[in-house]
>>> print(open('upload27.cif').read())   # mmCIF, C-alpha atoms
data_input
loop_
_atom_site.group_PDB
_atom_site.id
_atom_site.type_symbol
_atom_site.label_atom_id
_atom_site.label_comp_id
_atom_site.auth_asym_id
_atom_site.auth_seq_id
_atom_site.Cartn_x
_atom_site.Cartn_y
_atom_site.Cartn_z
ATOM 1 C CA MET A 1 31.069 11.119 -0.500
ATOM 2 C CA PRO A 2 33.686 12.340 1.985
ATOM 3 C CA SER A 3 33.252 11.198 5.567
ATOM 4 C CA GLY A 4 34.419 12.636 8.849
ATOM 5 C CA PHE A 5 31.667 15.176 9.420
ATOM 6 C CA SER A 6 28.366 13.680 10.560
ATOM 7 C CA PRO A 7 25.871 16.475 11.232
ATOM 8 C CA ALA A 8 22.655 15.727 13.028
ATOM 9 C CA PHE A 9 20.657 17.837 10.567
ATOM 10 C CA SER A 10 21.081 18.587 6.887
ATOM 11 C CA VAL A 11 19.247 21.459 5.219
ATOM 12 C CA VAL A 12 18.781 20.895 1.475
ATOM 13 C CA VAL A 13 18.316 24.053 -0.621
ATOM 14 C CA PRO A 14 17.869 23.736 -4.421
ATOM 15 C CA CYS A 15 18.722 27.043 -6.116
ATOM 16 C CA TYR A 16 18.213 28.556 -9.543
ATOM 17 C CA ASN A 17 19.197 32.205 -10.056
ATOM 18 C CA GLU A 18 19.072 33.119 -6.359
ATOM 19 C CA GLN A 19 22.119 35.404 -6.127
ATOM 20 C CA GLU A 20 20.164 38.317 -4.641
ATOM 21 C CA VAL A 21 18.536 36.439 -1.801
ATOM 22 C CA LEU A 22 21.151 33.785 -0.978
ATOM 23 C CA PRO A 23 23.240 35.799 1.562
ATOM 24 C CA ILE A 24 20.108 36.911 3.437
ATOM 25 C CA PHE A 25 18.747 33.387 3.433
ATOM 26 C CA HIS A 26 21.980 31.924 4.822
ATOM 27 C CA GLN A 27 22.144 34.548 7.545
ATOM 28 C CA ARG A 28 18.613 33.759 8.735
ATOM 29 C CA LEU A 29 19.112 30.004 8.370
ATOM 30 C CA SER A 30 22.318 30.066 10.414
ATOM 31 C CA ALA A 31 20.632 31.956 13.233
ATOM 32 C CA VAL A 32 17.808 29.401 13.379
ATOM 33 C CA MET A 33 20.046 26.332 13.213
ATOM 34 C CA GLU A 34 22.376 27.733 15.876
ATOM 35 C CA GLY A 35 19.356 28.070 18.128
ATOM 36 C CA ILE A 36 18.492 24.389 17.676
ATOM 37 C CA GLY A 37 21.849 23.500 19.194
ATOM 38 C CA ALA A 38 22.804 20.409 17.155
ATOM 39 C CA PRO A 39 25.527 19.922 14.513
ATOM 40 C CA TRP A 40 24.205 20.804 11.080
ATOM 41 C CA GLU A 41 25.095 21.397 7.461
ATOM 42 C CA VAL A 42 23.381 23.104 4.571
ATOM 43 C CA VAL A 43 23.534 21.552 1.096
ATOM 44 C CA TYR A 44 23.144 24.192 -1.596
ATOM 45 C CA VAL A 45 22.396 22.718 -5.028
ATOM 46 C CA ASN A 46 23.093 24.941 -8.007
ATOM 47 C CA ASP A 47 20.679 23.875 -10.738
ATOM 48 C CA GLY A 48 22.401 25.482 -13.724
ATOM 49 C CA SER A 49 21.938 29.069 -12.548
ATOM 50 C CA ARG A 50 22.748 31.778 -15.112
ATOM 51 C CA ASP A 51 23.668 34.463 -12.610
ATOM 52 C CA GLN A 52 26.246 34.537 -9.799
ATOM 53 C CA THR A 53 24.449 32.021 -7.576
ATOM 54 C CA LEU A 54 27.298 29.488 -7.753
ATOM 55 C CA ALA A 55 29.893 32.121 -6.888
ATOM 56 C CA GLY A 56 27.732 33.147 -3.938
ATOM 57 C CA MET A 57 27.583 29.536 -2.747
ATOM 58 C CA TYR A 58 31.369 29.176 -2.853
ATOM 59 C CA ALA A 59 31.740 32.479 -1.008
ATOM 60 C CA LEU A 60 29.471 31.173 1.747
ATOM 61 C CA ALA A 61 31.458 27.928 1.852
ATOM 62 C CA GLU A 62 34.668 29.930 2.391
ATOM 63 C CA GLN A 63 33.081 31.738 5.336
ATOM 64 C CA ASP A 64 31.163 28.830 6.843
ATOM 65 C CA GLY A 65 32.522 25.298 6.949
ATOM 66 C CA ARG A 66 29.024 23.898 7.382
ATOM 67 C CA VAL A 67 28.158 24.761 3.758
ATOM 68 C CA SER A 68 28.141 22.023 1.115
ATOM 69 C CA VAL A 69 27.908 22.981 -2.550
ATOM 70 C CA VAL A 70 26.602 20.645 -5.253
ATOM 71 C CA ASN A 71 26.954 22.122 -8.732
ATOM 72 C CA LEU A 72 24.970 20.226 -11.366
ATOM 73 C CA SER A 73 26.338 20.073 -14.914
ATOM 74 C CA ARG A 74 23.271 21.907 -16.270
ATOM 75 C CA ASN A 75 19.707 22.824 -15.358
ATOM 76 C CA PHE A 76 17.809 19.621 -14.567
ATOM 77 C CA GLY A 77 14.751 21.154 -12.886
ATOM 78 C CA LYS A 78 13.866 21.674 -9.263
ATOM 79 C CA GLU A 79 12.600 18.158 -8.561
ATOM 80 C CA ILE A 80 15.846 16.528 -9.682
ATOM 81 C CA ALA A 81 17.962 19.242 -8.032
ATOM 82 C CA LEU A 82 16.146 18.472 -4.795
ATOM 83 C CA THR A 83 16.922 14.777 -5.281
ATOM 84 C CA ALA A 84 20.601 15.618 -5.799
ATOM 85 C CA GLY A 85 20.598 17.522 -2.525
ATOM 86 C CA LEU A 86 19.012 14.611 -0.681
ATOM 87 C CA ASP A 87 21.594 12.250 -2.179
ATOM 88 C CA HIS A 88 24.393 14.394 -0.720
ATOM 89 C CA ALA A 89 22.750 15.157 2.641
ATOM 90 C CA ARG A 90 24.604 13.532 5.532
ATOM 91 C CA GLY A 91 22.252 14.359 8.392
ATOM 92 C CA THR A 92 22.034 11.420 10.772
ATOM 93 C CA ARG A 93 18.828 12.520 12.511
ATOM 94 C CA GLY A 94 16.848 14.616 10.083
ATOM 95 C CA ILE A 95 16.878 16.313 6.705
ATOM 96 C CA ILE A 96 15.110 19.619 6.094
ATOM 97 C CA VAL A 97 14.008 20.764 2.640
ATOM 98 C CA ILE A 98 13.430 24.470 2.002
ATOM 99 C CA ASP A 99 13.603 26.958 -0.883
ATOM 100 C CA ALA A 100 16.006 29.905 -0.830
ATOM 101 C CA ASP A 101 13.494 32.592 -1.876
ATOM 102 C CA LEU A 102 12.365 33.175 1.746
ATOM 103 C CA GLN A 103 8.708 32.572 0.923
ATOM 104 C CA ASP A 104 9.137 29.712 3.360
ATOM 105 C CA PRO A 105 10.651 31.505 6.393
ATOM 106 C CA PRO A 106 13.682 29.653 7.833
ATOM 107 C CA GLU A 107 12.411 30.546 11.308
ATOM 108 C CA VAL A 108 9.649 27.949 10.846
ATOM 109 C CA ILE A 109 12.333 25.243 10.976
ATOM 110 C CA ALA A 110 12.410 25.667 14.752
ATOM 111 C CA ASP A 111 8.684 24.886 14.836
ATOM 112 C CA LEU A 112 9.224 21.790 12.686
ATOM 113 C CA VAL A 113 11.922 20.501 15.037
ATOM 114 C CA ALA A 114 9.766 21.264 18.091
ATOM 115 C CA ALA A 115 6.870 19.255 16.611
ATOM 116 C CA TRP A 116 9.131 16.323 15.711
ATOM 117 C CA THR A 117 8.913 13.287 17.972
ATOM 118 C CA ASP A 118 10.240 9.727 17.854
ATOM 119 C CA ASP A 119 6.947 8.395 16.481
ATOM 120 C CA VAL A 120 6.768 10.926 13.616
ATOM 121 C CA ASP A 121 8.966 10.685 10.515
ATOM 122 C CA THR A 122 7.772 13.783 8.684
ATOM 123 C CA VAL A 123 6.773 17.212 9.908
ATOM 124 C CA TYR A 124 5.541 19.179 6.922
ATOM 125 C CA ALA A 125 4.800 22.896 6.789
ATOM 126 C CA ARG A 126 1.235 23.582 5.707
ATOM 127 C CA ARG A 127 0.458 27.030 4.329
ATOM 128 C CA ASN A 128 -2.040 29.014 6.349
ATOM 129 C CA THR A 129 -1.811 32.106 4.108
ATOM 130 C CA ARG A 130 -0.041 32.792 0.786
ATOM 131 C CA GLU A 131 1.152 36.393 0.813
ATOM 132 C CA GLY A 132 2.457 38.004 -2.368
ATOM 133 C CA GLU A 133 0.668 35.643 -4.762
ATOM 134 C CA THR A 134 -1.984 36.614 -7.283
ATOM 135 C CA ILE A 135 -5.565 35.461 -6.926
ATOM 136 C CA PRO A 136 -5.379 33.260 -10.085
ATOM 137 C CA LYS A 137 -2.284 31.508 -8.725
ATOM 138 C CA ARG A 138 -3.912 30.933 -5.343
ATOM 139 C CA LEU A 139 -7.044 29.602 -7.033
ATOM 140 C CA THR A 140 -5.164 27.246 -9.339
ATOM 141 C CA ALA A 141 -3.061 25.983 -6.420
ATOM 142 C CA TRP A 142 -6.221 25.358 -4.395
ATOM 143 C CA MET A 143 -7.784 23.479 -7.308
ATOM 144 C CA PHE A 144 -4.631 21.440 -7.962
ATOM 145 C CA TYR A 145 -4.393 20.040 -4.439
ATOM 146 C CA ARG A 146 -8.088 19.142 -4.430
ATOM 147 C CA VAL A 147 -7.842 17.433 -7.815
ATOM 148 C CA MET A 148 -4.782 15.473 -6.680
ATOM 149 C CA LYS A 149 -6.680 14.349 -3.608
ATOM 150 C CA ARG A 150 -9.321 12.882 -5.917
ATOM 151 C CA LEU A 151 -6.851 11.335 -8.350
ATOM 152 C CA GLY A 152 -4.146 10.101 -6.011
ATOM 153 C CA ASN A 153 -5.781 6.728 -5.348
ATOM 154 C CA LYS A 154 -4.184 5.445 -2.120
ATOM 155 C CA VAL A 155 -1.547 8.210 -2.097
ATOM 156 C CA VAL A 156 -2.895 11.119 -0.075
ATOM 157 C CA ILE A 157 -1.027 14.382 -0.742
ATOM 158 C CA PRO A 158 -1.630 16.925 2.046
ATOM 159 C CA PRO A 159 -3.344 20.050 0.669
ATOM 160 C CA ASP A 160 -1.635 23.453 0.684
ATOM 161 C CA THR A 161 1.724 21.806 1.354
ATOM 162 C CA GLY A 162 4.931 22.261 -0.627
ATOM 163 C CA ASP A 163 8.367 20.699 -0.269
ATOM 164 C CA PHE A 164 9.165 22.538 2.977
ATOM 165 C CA ARG A 165 9.451 19.800 5.602
ATOM 166 C CA LEU A 166 11.598 17.914 8.103
ATOM 167 C CA MET A 167 12.144 14.203 7.443
ATOM 168 C CA SER A 168 13.777 11.405 9.390
ATOM 169 C CA ARG A 169 16.874 9.646 8.086
ATOM 170 C CA ARG A 170 15.006 6.394 7.496
ATOM 171 C CA LEU A 171 12.311 8.152 5.466
ATOM 172 C CA VAL A 172 14.911 9.862 3.256
ATOM 173 C CA ASP A 173 16.748 6.567 2.745
ATOM 174 C CA SER A 174 13.461 5.017 1.633
ATOM 175 C CA LEU A 175 12.679 7.983 -0.600
ATOM 176 C CA LEU A 176 16.042 7.719 -2.365
ATOM 177 C CA LEU A 177 15.182 4.192 -3.473
ATOM 178 C CA LEU A 178 12.692 5.764 -5.910
ATOM 179 C CA ARG A 179 14.714 6.782 -8.973
ATOM 180 C CA GLU A 180 12.130 7.541 -11.660
ATOM 181 C CA ARG A 181 13.010 10.443 -13.963
ATOM 182 C CA HIS A 182 9.607 12.104 -13.908
ATOM 183 C CA ARG A 183 9.680 13.150 -10.287
ATOM 184 C CA PHE A 184 6.769 14.770 -8.525
ATOM 185 C CA MET A 185 8.358 15.115 -5.105
ATOM 186 C CA LYS A 186 5.197 16.027 -3.217
ATOM 187 C CA GLY A 187 3.712 12.745 -4.406
ATOM 188 C CA LEU A 188 6.869 10.779 -3.624
ATOM 189 C CA PHE A 189 6.955 12.214 -0.098
ATOM 190 C CA ALA A 190 3.420 10.915 0.375
ATOM 191 C CA TRP A 191 4.029 7.597 -1.401
ATOM 192 C CA VAL A 192 6.719 6.380 1.013
ATOM 193 C CA GLY A 193 4.278 6.824 3.882
ATOM 194 C CA PHE A 194 5.469 6.785 7.504
ATOM 195 C CA PRO A 195 3.765 8.823 10.268
ATOM 196 C CA SER A 196 3.542 12.550 9.616
ATOM 197 C CA ARG A 197 2.395 15.766 11.285
ATOM 198 C CA ALA A 198 1.529 19.232 9.986
ATOM 199 C CA VAL A 199 2.708 22.627 11.227
ATOM 200 C CA LEU A 200 0.796 25.686 10.035
ATOM 201 C CA TYR A 201 2.694 28.772 8.906
ATOM 202 C CA ASP A 202 2.157 31.971 6.950
ATOM 203 C CA ARG A 203 3.919 32.030 3.613
ATOM 204 C CA ALA A 204 5.756 35.281 2.921
ATOM 205 C CA PRO A 205 6.201 37.135 -0.385
ATOM 206 C CA ARG A 206 9.342 36.393 -2.364
ATOM 207 C CA SER A 207 12.210 38.398 -0.822
ATOM 208 C CA ALA A 208 14.109 39.161 -4.044
ATOM 209 C CA GLY A 209 14.517 38.032 -7.614
ATOM 210 C CA LYS A 210 11.859 36.573 -9.854
ATOM 211 C CA SER A 211 10.225 33.177 -9.715
ATOM 212 C CA SER A 212 11.143 30.833 -12.572
ATOM 213 C CA PHE A 213 7.652 29.308 -12.403
ATOM 214 C CA ASN A 214 5.176 30.802 -14.850
ATOM 215 C CA TYR A 215 1.698 29.535 -15.610
ATOM 216 C CA TRP A 216 2.992 27.236 -18.358
ATOM 217 C CA SER A 217 5.514 25.733 -15.925
ATOM 218 C CA LEU A 218 2.774 25.275 -13.344
ATOM 219 C CA ARG A 219 0.597 23.599 -15.989
ATOM 220 C CA ASN A 220 3.405 21.145 -16.791
ATOM 221 C CA PHE A 221 4.017 20.622 -13.076
ATOM 222 C CA ALA A 222 0.349 19.761 -12.526
ATOM 223 C CA LEU A 223 0.383 17.389 -15.503
ATOM 224 C CA GLU A 224 3.484 15.712 -14.072
ATOM 225 C CA GLY A 225 1.746 15.177 -10.757
ATOM 226 C CA ILE A 226 -1.430 13.789 -12.282
ATOM 227 C CA THR A 227 0.264 11.392 -14.708
ATOM 228 C CA SER A 228 2.807 10.232 -12.105
ATOM 229 C CA PHE A 229 0.287 9.127 -9.532
ATOM 230 C CA SER A 230 -2.941 8.314 -11.323
ATOM 231 C CA VAL A 231 -4.207 6.416 -14.367
ATOM 232 C CA LEU A 232 -7.673 7.861 -13.858
ATOM 233 C CA PRO A 233 -7.383 10.103 -16.964
ATOM 234 C CA LEU A 234 -6.856 6.983 -19.074
ATOM 235 C CA GLN A 235 -9.814 5.315 -17.402
ATOM 236 C CA LEU A 236 -11.953 8.386 -18.029
ATOM 237 C CA SER A 237 -10.985 8.382 -21.716
ATOM 238 C CA THR A 238 -12.073 4.730 -21.886
ATOM 239 C CA TYR A 239 -15.412 5.498 -20.273
ATOM 240 C CA MET A 240 -15.855 8.520 -22.524
ATOM 241 C CA GLY A 241 -15.168 6.421 -25.600
ATOM 242 C CA LEU A 242 -17.643 3.798 -24.406
ATOM 243 C CA GLY A 243 -20.310 6.422 -23.737
ATOM 244 C CA ILE A 244 -19.846 8.066 -27.126
ATOM 245 C CA SER A 245 -19.997 4.655 -28.820
ATOM 246 C CA ILE A 246 -23.314 3.920 -27.128
ATOM 247 C CA LEU A 247 -24.670 7.293 -28.231
ATOM 248 C CA ALA A 248 -23.440 6.651 -31.770
ATOM 249 C CA VAL A 249 -25.235 3.274 -31.876
ATOM 250 C CA CYS A 250 -28.427 4.863 -30.589
ATOM 251 C CA TYR A 251 -28.127 7.637 -33.154
ATOM 252 C CA GLY A 252 -27.568 5.055 -35.904
ATOM 253 C CA ILE A 253 -30.692 3.167 -34.863
ATOM 254 C CA TRP A 254 -32.641 6.435 -34.883
ATOM 255 C CA ILE A 255 -31.365 7.259 -38.396
ATOM 256 C CA VAL A 256 -32.293 3.807 -39.704
ATOM 257 C CA GLY A 257 -35.732 4.029 -38.127
ATOM 258 C CA CYS A 258 -36.389 7.485 -39.604
ATOM 259 C CA THR A 259 -35.251 6.303 -43.034
ATOM 260 C CA LEU A 260 -37.585 3.301 -42.958
ATOM 261 C CA LEU A 261 -40.533 5.365 -41.777
ATOM 262 C CA PHE A 262 -40.060 8.643 -43.632
ATOM 263 C CA GLY A 263 -37.632 7.849 -46.441
ATOM 264 C CA ASN A 264 -34.092 9.072 -47.062
ATOM 265 C CA ARG A 265 -33.526 12.827 -46.877
ATOM 266 C CA VAL A 266 -30.322 14.668 -47.773
ATOM 267 C CA ALA A 267 -30.828 17.320 -45.080
ATOM 268 C CA GLY A 268 -28.619 17.044 -42.009
ATOM 269 C CA TYR A 269 -25.215 18.125 -43.263
ATOM 270 C CA PRO A 270 -24.576 20.589 -40.373
ATOM 271 C CA SER A 271 -25.433 18.006 -37.733
ATOM 272 C CA LEU A 272 -23.288 15.406 -39.503
ATOM 273 C CA MET A 273 -20.279 17.728 -39.545
ATOM 274 C CA ALA A 274 -20.812 18.607 -35.879
ATOM 275 C CA VAL A 275 -20.768 14.909 -34.949
ATOM 276 C CA ILE A 276 -17.656 14.218 -37.046
ATOM 277 C CA LEU A 277 -15.742 17.163 -35.598
ATOM 278 C CA PHE A 278 -16.800 16.271 -32.062
ATOM 279 C CA LEU A 279 -15.681 12.659 -32.401
ATOM 280 C CA GLY A 280 -12.440 13.744 -34.099
ATOM 281 C CA GLY A 281 -11.671 16.124 -31.237
ATOM 282 C CA ILE A 282 -12.324 13.426 -28.636
ATOM 283 C CA GLN A 283 -10.049 11.007 -30.515
ATOM 284 C CA LEU A 284 -7.209 13.517 -30.774
ATOM 285 C CA MET A 285 -7.509 14.418 -27.106
ATOM 286 C CA THR A 286 -7.439 10.755 -26.105
ATOM 287 C CA VAL A 287 -4.448 9.998 -28.330
ATOM 288 C CA GLY A 288 -2.620 12.991 -26.829
ATOM 289 C CA LEU A 289 -3.384 11.755 -23.316
ATOM 290 C CA ILE A 290 -2.076 8.308 -24.143
ATOM 291 C CA GLY A 291 0.979 9.971 -25.681
ATOM 292 C CA GLU A 292 1.742 11.714 -22.373
ATOM 293 C CA TYR A 293 1.923 8.359 -20.616
ATOM 294 C CA VAL A 294 3.823 6.666 -23.454
ATOM 295 C CA GLY A 295 6.353 9.512 -23.480
ATOM 296 C CA ARG A 296 6.995 9.013 -19.790
ATOM 297 C CA ILE A 297 7.444 5.278 -20.305
ATOM 298 C CA PHE A 298 9.925 6.055 -23.108
ATOM 299 C CA ASN A 299 11.974 8.341 -20.865
ATOM 300 C CA GLU A 300 12.025 5.831 -18.013
ATOM 301 C CA THR A 301 13.228 2.963 -20.225
ATOM 302 C CA LYS A 302 16.388 4.896 -21.219
ATOM 303 C CA LYS A 303 17.767 4.407 -17.686
ATOM 304 C CA ARG A 304 19.807 7.613 -17.858
ATOM 305 C CA PRO A 305 21.135 9.024 -14.566
ATOM 306 C CA LEU A 306 18.876 11.593 -12.956
ATOM 307 C CA TYR A 307 21.616 14.232 -12.946
ATOM 308 C CA LEU A 308 25.343 14.791 -13.400
ATOM 309 C CA VAL A 309 27.461 16.660 -10.859
ATOM 310 C CA GLU A 310 30.038 19.099 -12.216
ATOM 311 C CA ALA A 311 31.566 19.752 -8.790
ATOM 312 C CA TYR A 312 30.886 18.855 -5.165
ATOM 313 C CA ARG A 313 32.348 20.676 -2.174
ATOM 314 C CA PRO A 314 31.313 19.001 1.089
ATOM 315 C CA ALA A 315 30.921 20.718 4.418
ATOM 316 C CA GLN A 316 33.936 20.391 6.703
ATOM 317 C CA GLU A 317 32.886 22.237 9.880
ATOM 318 C CA LYS A 318 36.452 23.416 10.260
ATOM 319 C CA LYS A 319 35.590 27.066 10.250
ATOM 320 C CA HIS A 320 32.666 29.404 10.243
ATOM 321 C CA THR A 321 32.252 33.043 10.899
ATOM 322 C CA ALA A 322 29.520 34.453 13.063
ATOM 323 C CA GLN A 323 26.612 35.704 11.019
ATOM 324 C CA PRO A 324 25.822 39.403 11.569
#
>>> encode(input="upload27.cif", output="structure tokens")
Amino acid sequence: MPSGFSPAFSVVVPCYNEQEVLPIFHQRLSAVMEGIGAPWEVVYVNDGSRDQTLAGMYALAEQDGRVSVVNLSRNFGKEIALTAGLDHARGTRGIIVIDADLQDPPEVIADLVAAWTDDVDTVYARRNTREGETIPKRLTAWMFYRVMKRLGNKVVIPPDTGDFRLMSRRLVDSLLLLRERHRFMKGLFAWVGFPSRAVLYDRAPRSAGKSSFNYWSLRNFALEGITSFSVLPLQLSTYMGLGISILAVCYGIWIVGCTLLFGNRVAGYPSLMAVILFLGGIQLMTVGLIGEYVGRIFNETKKRPLYLVEAYRPAQEKKHTAQP
């Protein structure tokens, strides 16, 4: 990684198809960071965008020497794109993570910096309201954070909190030691620990473009979080199997007793089929659950790199134009 420019703050922005909102985002971000009054850079990570996002990043880099561009070789997903940005962030004091869609207002960064003290390593932005989101999405998000709180064992993930946060250099260095492929960043942020503080803010509607997260993506995201930080589902399947086995033994004893007392009757085919189908469904569900964990073990044992970089253009701070 080129040296020579050592900003105090790095702002990491993973992007996927953000061509419409990127210029507006950079304009607002620049105004906020100028107000903080410390040297800074912004690391834009292009995660295999299919529109003109990469061209927009290079255009911003031509205008503003504080812009770094990391272009990944393909789409690796937001969690890994965020990791790539953290790998290339050179901030000596703090690293800020934010999305480019303006749902997380850049102006809140000033509040994060104001709440940051020497005895706090993380200041995370906690959502007070979620404007522009449907009721089902708000409900599922509320449920997800509460379920993770129950399943996270000793890892406590703050509720109603995304990736938007300010982190100290030592926390980021510790975070980058964790190189698993199946990355649930909210959980990893919590896993490394260190003192933290929350700042409440109102989340805005998406400024432009369309979110790449649909309900299927959110389902997979939730599954990633649960399987990455808890083995409770496996424990529950064990307890369920034990409970069903006990019921089956009791039912067998009841059948034997009825046969001895009242003789053998052929009747009972519907109930027999119901029991068989129920047990078969439980077995398939349990095998599928085990398969989710085994699949993750399989992917981790390959030891492939998390991502590949097609091109990297570091910030130089040699030139920048005033933002209108």
>>> residues_around(input="upload27.cif", residues="range 67-71 of chain A", least_positions_apart="6", cutoff="8 Å", atoms="all atoms listed in the file", output="PyMOL selection string")
chain A and resi 41-48+54+57-58+60-61+84-85+309-316
>>> atom_distance(input="upload27.cif", atom1="CA of Arg50 in chain A", atom2="CA of Leu306 in chain A")
20.7 Å
>>> atom_distance(input="upload27.cif", atom1="CA of Thr83 in chain A", atom2="CA of Leu176 in chain A")
7.7 Å
>>> closest_residue(input="upload27.cif", among="A:Thr92, A:Ala100, A:Ser174, A:Gly65", to="Glu18 in chain A", atoms="all atoms listed in the file")
A:Ala100
>>> residues_near_point(input="upload27.cif", point="(21.9, 26.6, 16.2)", cutoff="12 Å", atoms="all atoms listed in the file", output="VMD selection string")
chain A and resid 7 to 9 27 to 41 66 107 109 to 110 113 322 to 323
>>> closest_residue(input="upload27.cif", among="A:Leu171, A:Ile290, A:Val21, A:Val11", to="Ile98 in chain A", atoms="all atoms listed in the file")
A:Val11
>>> resolve_selection(input="upload27.cif", expression="the PyMOL selection byres ((chain A and resi 115) around 12)", output="list in words")
Val108, Ile109, Ala110, Asp111, Leu112, Val113, Ala114, Trp116, Thr117, Asp118, Asp119, Val120, Asp121, Thr122, Val123, Tyr124, Ala125, Arg165, Leu166, Met167, Ser196, Arg197, Ala198, Val199 and Leu200 of chain A
>>> write_last_selection(input="upload27.cif", atoms="C-alpha atoms", output="short mmCIF file (atom, residue, chain, number, x, y, z; two decimals), in the frame of the given file")
data_model
loop_
_atom_site.label_atom_id
_atom_site.label_comp_id
_atom_site.auth_asym_id
_atom_site.auth_seq_id
_atom_site.Cartn_x
_atom_site.Cartn_y
_atom_site.Cartn_z
CA VAL A 108 9.65 27.95 10.85
CA ILE A 109 12.33 25.24 10.98
CA ALA A 110 12.41 25.67 14.75
CA ASP A 111 8.68 24.89 14.84
CA LEU A 112 9.22 21.79 12.69
CA VAL A 113 11.92 20.50 15.04
CA ALA A 114 9.77 21.26 18.09
CA TRP A 116 9.13 16.32 15.71
CA THR A 117 8.91 13.29 17.97
CA ASP A 118 10.24 9.73 17.85
CA ASP A 119 6.95 8.40 16.48
CA VAL A 120 6.77 10.93 13.62
CA ASP A 121 8.97 10.68 10.52
CA THR A 122 7.77 13.78 8.68
CA VAL A 123 6.77 17.21 9.91
CA TYR A 124 5.54 19.18 6.92
CA ALA A 125 4.80 22.90 6.79
CA ARG A 165 9.45 19.80 5.60
CA LEU A 166 11.60 17.91 8.10
CA MET A 167 12.14 14.20 7.44
CA SER A 196 3.54 12.55 9.62
CA ARG A 197 2.40 15.77 11.28
CA ALA A 198 1.53 19.23 9.99
CA VAL A 199 2.71 22.63 11.23
CA LEU A 200 0.80 25.69 10.04
#
>>> closest_residue(input="upload27.cif", among="A:Pro23, A:Gly288, A:Gly187, A:Gly162", to="Gln63 in chain A", atoms="all atoms listed in the file")
A:Pro23
>>> residues_around(input="upload27.cif", residues="Phe76 in chain A", least_positions_apart="3", cutoff="7 Å", atoms="only C-alpha atoms", output="number ranges by chain")
A: 47, 80-81, 307
>>> atom_distance(input="upload27.cif", atom1="CA of Ala204 in chain A", atom2="CA of Tyr16 in chain A")
18.9 Å
>>> closest_residue(input="upload27.cif", among="A:Leu175, A:Ala190, A:Ala59, A:Leu86", to="Pro159 in chain A", atoms="only C-alpha atoms")
A:Ala190
